[in-house]
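Here is the structure we will look at, set down as structure tokens.
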Amino acid sequence: MVIARTLSVIAITLFCWCAQSSRANAETRTDRVLQARPEAVQWFQDARFGMFIHWGVYSVPGRGEWVMENEKIPISAYEKFAPQFNPQAFDAKKIVSLAKRAGMRYITITSKHHDGFAMWPSKQSTWNIVDATPYKKDPLQALANEAHRQGIKLFFYYSQMDWHHPDYWPLGEKRGHAAGRAPGGDFARYLEYMNAQLTELLTQYGEIGGIWFDGMWDKPDADWQLQRTYNLIHRLQPSAMIGSNHHAAPFPGEDFQMFEKDLPGANSAGFNTTHVSSLPRESCDTINDAWGYNKLDDHYKSTRQLIHFLVRSAGANANFLLNIGPTATGEVQSEFERRLEEIGQWMNQHGETIYATHAGPVSPRSWGVTTERDGKIYVHILDWKDRYLPLPALPGIKTARMFDTGQVVALRTLDDGLLLELPDSTSTELVDQIVVLQR
Ligand code: JFZ
């Protein structure tokens with residue numbers, strides 16, 4: 001009796017509280033932090049491999065996406081690249097197929113980079129691909145249609161920093177000063193512009209995987225009204241994953257944490273936080289040294305290096321977002337294509353040890369990493385020349401086999417560890433020697 005009454009009091013209180021908070025929500029729209037749906041978070045974590053695409057009018061000069069800032073090009077001169085941007089060779093089907101063959105589960109493309117140029121016919125400004133170029137088509141629409149058709153998710157990169165928009169003001173300390181913008185502008189109005197653009201992106205292209213923000217680091221102390229923007233996104237698309245490349249610990253409302261050019265916890269690039277949150281993680285990197293097309297950059301990583309980064313990301317519980325920068329005609333360089341095909345061949349055979357895994361019981365080592373799924377531990381040996389590999393104690397492990405051949409790997413239990421005796425025949429030249437441990 002007492003219990004029943006207490007329960008009904010709780011129920012009524014909860015009901016009133018919910019009704020009240022949803023009313024308040026509709027009014028203020030910023031009071032509660034929304035997050036992406038758990039299924040979307042799980043999907044993201046299982047995906048493990050995606051394609052990053054940096055593409056815009058900066059692809060015309062072909063000296064990277066920072067060309068405007070690096071070469072101090074004023075807006076009036078930079079705008080002249082737009083009439084030359086006519087990517088007739090852009091083929092959404094080809095790009096999505098390439099991503100799929102590489103084993104990638106999602107694509108993240110620059111909808112607007114720091115130069116403020118919208119890669120879709122945004123109604124908020126004519127500085128966009130339909131109004132300002134002879135191409136006059138919407139590549140994001142083509143990509144979204146094809147991605148949906150081929151069952152791959154599409155994310156949009158969006159730069160919060162903007163070297164072109166008159167209301168991005170005051171400028172950050174260092175960047176955008178050579179653009180020749182008239183002083184003045186209303187930052188609150190800029191945020192309205194940004195939210196209106198994001199609304200377009202989240203309402204006109206079907207289901208979107210998420211938004212990849214960048215550039216907040218330009219003005220870290222400005223009032224970005226993040227909660228407002230994040231809630232807007234989550235309200236328009238409750239499954240959209242939000243992440244931001246602000247190089248700091250995640251803010252409320254973000255659904256994943258990203259690590260640019262680094263594995264989680266490392267800071268070899270010099271600008272990452274080493275704080276690793278409990279959110280799903282994503283590392284990103286380039287194939288050469290450029291994000292946007294750079295015709296002078298032939299510093300290509302090898303397929304082996306790229307697979308190692310993918311494997312090490314998985315071993316650190318992170319996805320790997322690997323970049324391509326198409327040319328101004330919309331083509332993907334053969335150097336990129338070939339590497340993606342080769343990674344795909346490897347993923348075809350070894351995907352079981354990467355997709356839907358989480359970091360294994362042995363934390364990342366210089367020789368490699370471990371991943372784990374359905375009670376199997378995959379020991380990824382990436383850099384080890386010897387016959388014996390010592391591991392810490394892993395209680396209960398009974399069998400060990402080479403993943404590729406099924407060959408039995410002899411196990412020796414040490415006082416405080418486990419010794420793997422790798423078969424004679426396995427070549428240390430292999431990209432990744434994988435040993436499967438089972439209890
Ligand atoms: C950012 C962008 O600037 C870059 O163009 C690219 O899109 C990449 C994925 O993300 O890269 C950064 C951001 C900040 C710093 C360095 C690179 N930083 O603060 O030193």
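Numbering starts fresh at 1 for the residues of each chain in the structure tokens, the chains themselves are lettered A, B, ... in the order given, and ligands are numbered from 1 as they appear.
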Which residues of region 198-294 of chain A sit at most 9 Å from region 315-321 of chain A, using only C-alpha atoms? Give each one's shortest atom pair and distance in Å (one decimal place), in chain and ascending residue order, as a Markdown table.
| residue | atom | partner | partner_atom | distance |
| --- | --- | --- | --- | --- |
| A:Met258 | CA | A:Ala318 | CA | 8.7 |
| A:Leu263 | CA | A:Ala316 | CA | 7.2 |
| A:Pro264 | CA | A:Ala316 | CA | 6.6 |
| A:Gly265 | CA | A:Ala316 | CA | 8.9 |
| A:Pro280 | CA | A:Ala318 | CA | 6.8 |
| A:Arg281 | CA | A:Ala318 | CA | 4.5 |
| A:Glu282 | CA | A:Asn319 | CA | 4.4 |
| A:Ser283 | CA | A:Phe320 | CA | 5.0 |
| A:Cys284 | CA | A:Leu321 | CA | 4.4 |
| A:Asp285 | CA | A:Leu321 | CA | 6.6 |
| A:Thr286 | CA | A:Leu321 | CA | 8.8 |
- request: Find the residues near region 297-306 of chain A: any atom within 12 Å, counting only C-alpha atoms, skip ones fewer than 3 places away on the same chain, and give them as an MDAnalysis selection string.
  value: chainID A and resid 49 62:64 102 261 284:294 309:313 320:325 333:347 382:383 429:432
Using only N, CA and C atoms, please write the residues we just selected to a file, as a short mmCIF file (atom, residue, chain, number, x, y, z; two decimals), in the first residue's frame.
data_model
loop_
_atom_site.label_atom_id
_atom_site.label_comp_id
_atom_site.auth_asym_id
_atom_site.auth_seq_id
_atom_site.Cartn_x
_atom_site.Cartn_y
_atom_site.Cartn_z
N PHE A 49 36.27 2.87 -39.90
CA PHE A 49 37.05 3.38 -41.02
C PHE A 49 36.18 4.26 -41.90
N GLY A 62 45.36 24.59 -56.22
CA GLY A 62 46.04 23.34 -55.92
C GLY A 62 47.25 23.49 -55.02
N ARG A 63 47.12 24.35 -54.03
CA ARG A 63 48.22 24.50 -53.07
C ARG A 63 47.69 24.37 -51.63
N GLY A 64 46.73 23.49 -51.48
CA GLY A 64 46.20 23.21 -50.14
C GLY A 64 45.04 24.12 -49.76
N ALA A 102 37.41 0.40 -50.40
CA ALA A 102 38.49 0.55 -49.43
C ALA A 102 38.10 -0.01 -48.06
N LYS A 261 45.55 14.04 -36.94
CA LYS A 261 46.91 13.58 -37.22
C LYS A 261 47.58 12.94 -36.02
N CYS A 284 42.23 11.23 -37.55
CA CYS A 284 42.20 11.47 -39.00
C CYS A 284 43.61 11.76 -39.49
N ASP A 285 43.84 11.46 -40.75
CA ASP A 285 45.15 11.77 -41.31
C ASP A 285 45.06 11.87 -42.83
N THR A 286 46.15 12.36 -43.40
CA THR A 286 46.24 12.57 -44.84
C THR A 286 47.07 11.46 -45.47
N ILE A 287 46.96 11.31 -46.81
CA ILE A 287 47.78 10.31 -47.51
C ILE A 287 49.15 10.90 -47.86
N ASN A 288 49.14 12.14 -48.39
CA ASN A 288 50.43 12.87 -48.46
C ASN A 288 50.41 13.83 -47.27
N ASP A 289 50.89 15.06 -47.41
CA ASP A 289 50.84 15.94 -46.24
C ASP A 289 49.72 16.97 -46.34
N ALA A 290 48.88 16.86 -47.39
CA ALA A 290 47.89 17.90 -47.64
C ALA A 290 46.47 17.38 -47.42
N TRP A 291 45.60 18.25 -46.94
CA TRP A 291 44.16 17.92 -46.85
C TRP A 291 43.51 18.28 -48.18
N GLY A 292 43.51 19.58 -48.52
CA GLY A 292 43.01 20.01 -49.82
C GLY A 292 44.06 19.72 -50.88
N TYR A 293 43.62 19.53 -52.14
CA TYR A 293 44.54 19.16 -53.23
C TYR A 293 45.78 20.05 -53.26
N ASN A 294 46.96 19.42 -53.23
CA ASN A 294 48.21 20.14 -53.35
C ASN A 294 49.06 19.47 -54.41
N PHE A 309 48.34 2.70 -39.37
CA PHE A 309 47.62 3.75 -38.64
C PHE A 309 46.18 3.31 -38.35
N LEU A 310 45.58 2.65 -39.33
CA LEU A 310 44.21 2.13 -39.13
C LEU A 310 44.17 1.10 -38.01
N VAL A 311 45.12 0.18 -38.01
CA VAL A 311 45.16 -0.87 -36.99
C VAL A 311 45.46 -0.26 -35.61
N ARG A 312 46.40 0.68 -35.60
CA ARG A 312 46.73 1.31 -34.31
C ARG A 312 45.56 2.15 -33.79
N SER A 313 44.78 2.73 -34.69
CA SER A 313 43.58 3.46 -34.25
C SER A 313 42.62 2.49 -33.59
N PHE A 320 39.33 5.51 -37.90
CA PHE A 320 40.35 6.20 -38.69
C PHE A 320 39.66 6.84 -39.89
N LEU A 321 39.81 8.18 -40.00
CA LEU A 321 39.22 8.93 -41.10
C LEU A 321 40.36 9.34 -42.01
N LEU A 322 40.42 8.72 -43.18
CA LEU A 322 41.57 8.91 -44.08
C LEU A 322 41.18 9.84 -45.23
N ASN A 323 42.00 10.86 -45.44
CA ASN A 323 41.63 11.94 -46.34
C ASN A 323 42.04 11.77 -47.81
N ILE A 324 41.16 12.22 -48.70
CA ILE A 324 41.56 12.46 -50.09
C ILE A 324 41.18 13.91 -50.43
N GLY A 325 41.98 14.54 -51.28
CA GLY A 325 41.65 15.90 -51.73
C GLY A 325 41.51 15.88 -53.23
N GLN A 333 43.28 11.58 -57.38
CA GLN A 333 44.61 11.21 -57.87
C GLN A 333 44.81 9.70 -57.84
N SER A 334 45.54 9.19 -58.85
CA SER A 334 45.78 7.75 -58.92
C SER A 334 46.58 7.26 -57.71
N GLU A 335 47.44 8.13 -57.16
CA GLU A 335 48.24 7.74 -55.99
C GLU A 335 47.32 7.42 -54.80
N PHE A 336 46.24 8.20 -54.68
CA PHE A 336 45.29 7.97 -53.58
C PHE A 336 44.48 6.71 -53.85
N GLU A 337 44.02 6.63 -55.11
CA GLU A 337 43.15 5.53 -55.50
C GLU A 337 43.83 4.19 -55.25
N ARG A 338 45.08 4.10 -55.71
CA ARG A 338 45.81 2.84 -55.59
C ARG A 338 45.95 2.43 -54.12
N ARG A 339 46.28 3.39 -53.28
CA ARG A 339 46.43 3.05 -51.86
C ARG A 339 45.10 2.61 -51.24
N LEU A 340 44.02 3.28 -51.63
CA LEU A 340 42.71 2.89 -51.08
C LEU A 340 42.32 1.48 -51.53
N GLU A 341 42.62 1.17 -52.80
CA GLU A 341 42.32 -0.18 -53.30
C GLU A 341 43.11 -1.21 -52.49
N GLU A 342 44.36 -0.92 -52.23
CA GLU A 342 45.21 -1.87 -51.51
C GLU A 342 44.76 -2.04 -50.06
N ILE A 343 44.36 -0.93 -49.44
CA ILE A 343 43.85 -1.03 -48.07
C ILE A 343 42.58 -1.90 -48.09
N GLY A 344 41.76 -1.69 -49.14
CA GLY A 344 40.52 -2.46 -49.26
C GLY A 344 40.77 -3.96 -49.38
N GLN A 345 41.80 -4.31 -50.14
CA GLN A 345 42.13 -5.74 -50.26
C GLN A 345 42.51 -6.30 -48.89
N TRP A 346 43.26 -5.53 -48.15
CA TRP A 346 43.67 -5.98 -46.81
C TRP A 346 42.44 -6.09 -45.90
N MET A 347 41.55 -5.08 -45.97
CA MET A 347 40.36 -5.08 -45.11
C MET A 347 39.41 -6.22 -45.46
N LEU A 382 52.80 -5.52 -35.64
CA LEU A 382 53.11 -4.62 -36.76
C LEU A 382 54.61 -4.41 -36.94
N ASP A 383 55.33 -4.50 -35.85
CA ASP A 383 56.74 -4.14 -35.93
C ASP A 383 57.52 -4.98 -34.92
N GLU A 429 57.71 -9.55 -43.04
CA GLU A 429 57.40 -8.56 -44.07
C GLU A 429 55.89 -8.33 -44.18
N LEU A 430 55.10 -9.23 -43.60
CA LEU A 430 53.65 -9.06 -43.63
C LEU A 430 53.29 -7.69 -43.06
N VAL A 431 52.23 -7.08 -43.59
CA VAL A 431 51.80 -5.78 -43.08
C VAL A 431 51.46 -5.89 -41.60
N ASP A 432 50.82 -7.00 -41.26
CA ASP A 432 50.32 -7.19 -39.90
C ASP A 432 50.25 -8.70 -39.65
#
message: With only C-alpha atoms as the counted atoms, please give the residues lying no more than 9 Å from Ala47 (chain A), apart from itself and same-chain residues fewer than 2 positions off, as a PyMOL selection string.
response: chain A and resi 42-45+49-50+104-106+319+354-356
Would you write out, as a tab-separated table, a table of all residues in chain A that have an atom no more than 7 Å from an atom of ligand 1, listing for each the closest atom pair and the distance in Å to one decimal, considering only C-alpha atoms and all ligand atoms and ordering rows by chain and rising residue number?
residue	atom	partner	partner_atom_place_in_ligand_line	distance
A:Glu65	CA	ligand 1	5 (O)	5.7
A:Trp66	CA	ligand 1	5 (O)	6.1
A:Asp214	CA	ligand 1	10 (O)	6.2
A:Gly215	CA	ligand 1	13 (C)	6.5
A:Trp217	CA	ligand 1	19 (O)	6.1
A:Asn245	CA	ligand 1	10 (O)	6.7
A:Glu260	CA	ligand 1	9 (C)	6.4
A:Phe271	CA	ligand 1	20 (O)	5.3
A:Trp291	CA	ligand 1	6 (C)	5.9
Go ahead and save the residues from that selection, with all heavy atoms, as a CSV table (one decimal), in the first residue's frame.
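So out.csv came out as:
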chain,number,residue,atom,x,y,z
A,65,GLU,N,44.2,23.7,-48.8
A,65,GLU,CA,43.0,24.4,-48.4
A,65,GLU,C,43.3,25.7,-47.6
A,65,GLU,O,42.4,26.5,-47.4
A,65,GLU,CB,42.1,23.5,-47.6
A,65,GLU,CG,42.4,23.2,-46.2
A,65,GLU,CD,43.6,22.3,-46.0
A,65,GLU,OE1,44.2,21.8,-47.0
A,65,GLU,OE2,44.0,22.1,-44.8
A,66,TRP,N,44.6,25.9,-47.2
A,66,TRP,CA,44.9,27.1,-46.5
A,66,TRP,C,45.5,28.2,-47.4
A,66,TRP,O,46.1,29.2,-46.9
A,66,TRP,CB,45.9,26.8,-45.3
A,66,TRP,CG,45.2,26.4,-44.1
A,66,TRP,CD1,44.6,25.2,-43.8
A,66,TRP,CD2,45.2,27.2,-42.8
A,66,TRP,NE1,44.1,25.2,-42.5
A,66,TRP,CE2,44.5,26.4,-41.9
A,66,TRP,CE3,45.7,28.4,-42.5
A,66,TRP,CZ2,44.2,26.9,-40.6
A,66,TRP,CZ3,45.4,28.9,-41.2
A,66,TRP,CH2,44.7,28.1,-40.2
A,214,ASP,N,35.1,22.4,-37.2
A,214,ASP,CA,36.5,22.8,-37.1
A,214,ASP,C,36.6,24.3,-37.1
A,214,ASP,O,35.7,25.0,-37.6
A,214,ASP,CB,37.2,22.3,-38.4
A,214,ASP,CG,38.7,22.4,-38.3
A,214,ASP,OD1,39.2,22.6,-37.2
A,214,ASP,OD2,39.3,22.3,-39.4
A,215,GLY,N,37.6,24.8,-36.4
A,215,GLY,CA,37.9,26.2,-36.5
A,215,GLY,C,37.5,27.1,-35.3
A,215,GLY,O,37.8,28.3,-35.3
A,217,TRP,N,38.9,26.9,-32.7
A,217,TRP,CA,40.2,27.2,-32.0
A,217,TRP,C,40.7,28.6,-32.4
A,217,TRP,O,41.6,29.2,-31.8
A,217,TRP,CB,41.2,26.1,-32.4
A,217,TRP,CG,41.2,25.6,-33.8
A,217,TRP,CD1,40.6,24.5,-34.2
A,217,TRP,CD2,41.6,26.3,-35.0
A,217,TRP,NE1,40.6,24.3,-35.5
A,217,TRP,CE2,41.3,25.4,-36.1
A,217,TRP,CE3,42.3,27.4,-35.2
A,217,TRP,CZ2,41.6,25.7,-37.4
A,217,TRP,CZ3,42.7,27.8,-36.5
A,217,TRP,CH2,42.3,26.9,-37.6
A,245,ASN,N,36.8,19.7,-33.8
A,245,ASN,CA,38.3,19.7,-33.9
A,245,ASN,C,38.8,20.9,-33.1
A,245,ASN,O,39.6,21.6,-33.6
A,245,ASN,CB,38.7,19.7,-35.3
A,245,ASN,CG,40.2,19.4,-35.5
A,245,ASN,OD1,40.8,18.8,-34.7
A,245,ASN,ND2,40.8,19.9,-36.6
A,260,GLU,N,43.3,15.0,-34.5
A,260,GLU,CA,43.8,15.3,-35.8
A,260,GLU,C,45.3,14.9,-36.0
A,260,GLU,O,46.1,15.3,-35.2
A,260,GLU,CB,43.7,16.8,-36.1
A,260,GLU,CG,44.2,17.2,-37.5
A,260,GLU,CD,44.2,18.7,-37.6
A,260,GLU,OE1,43.5,19.4,-36.9
A,260,GLU,OE2,44.9,19.2,-38.5
A,271,PHE,N,49.3,19.9,-31.4
A,271,PHE,CA,48.1,20.8,-31.0
A,271,PHE,C,47.0,20.0,-30.4
A,271,PHE,O,45.9,20.5,-30.2
A,271,PHE,CB,47.6,21.6,-32.3
A,271,PHE,CG,47.5,20.8,-33.5
A,271,PHE,CD1,46.6,19.7,-33.7
A,271,PHE,CD2,48.4,21.0,-34.6
A,271,PHE,CE1,46.5,19.0,-34.8
A,271,PHE,CE2,48.3,20.3,-35.8
A,271,PHE,CZ,47.4,19.3,-35.9
A,291,TRP,N,45.6,18.2,-46.9
A,291,TRP,CA,44.2,17.9,-46.8
A,291,TRP,C,43.5,18.3,-48.2
A,291,TRP,O,43.0,17.4,-48.9
A,291,TRP,CB,43.5,18.7,-45.7
A,291,TRP,CG,44.0,18.3,-44.3
A,291,TRP,CD1,44.9,19.1,-43.6
A,291,TRP,CD2,43.7,17.2,-43.5
A,291,TRP,NE1,45.2,18.4,-42.4
A,291,TRP,CE2,44.4,17.3,-42.3
A,291,TRP,CE3,42.9,16.1,-43.7
A,291,TRP,CZ2,44.4,16.3,-41.3
A,291,TRP,CZ3,42.8,15.1,-42.7
A,291,TRP,CH2,43.5,15.2,-41.6
message: Report as a list of chain:residue names all protein, DNA and RNA residues lying within 10 Å of Asn145 (chain A), evaluated on only C-alpha atoms, omitting residues in the same chain fewer than 3 positions from it.
response: A:Ala92, A:Lys93, A:Pro139, A:Leu140, A:Gln141, A:Ala142, A:His148, A:Arg149, A:Gln150, A:Gly151, A:Leu154, A:Tyr205, A:Gly206
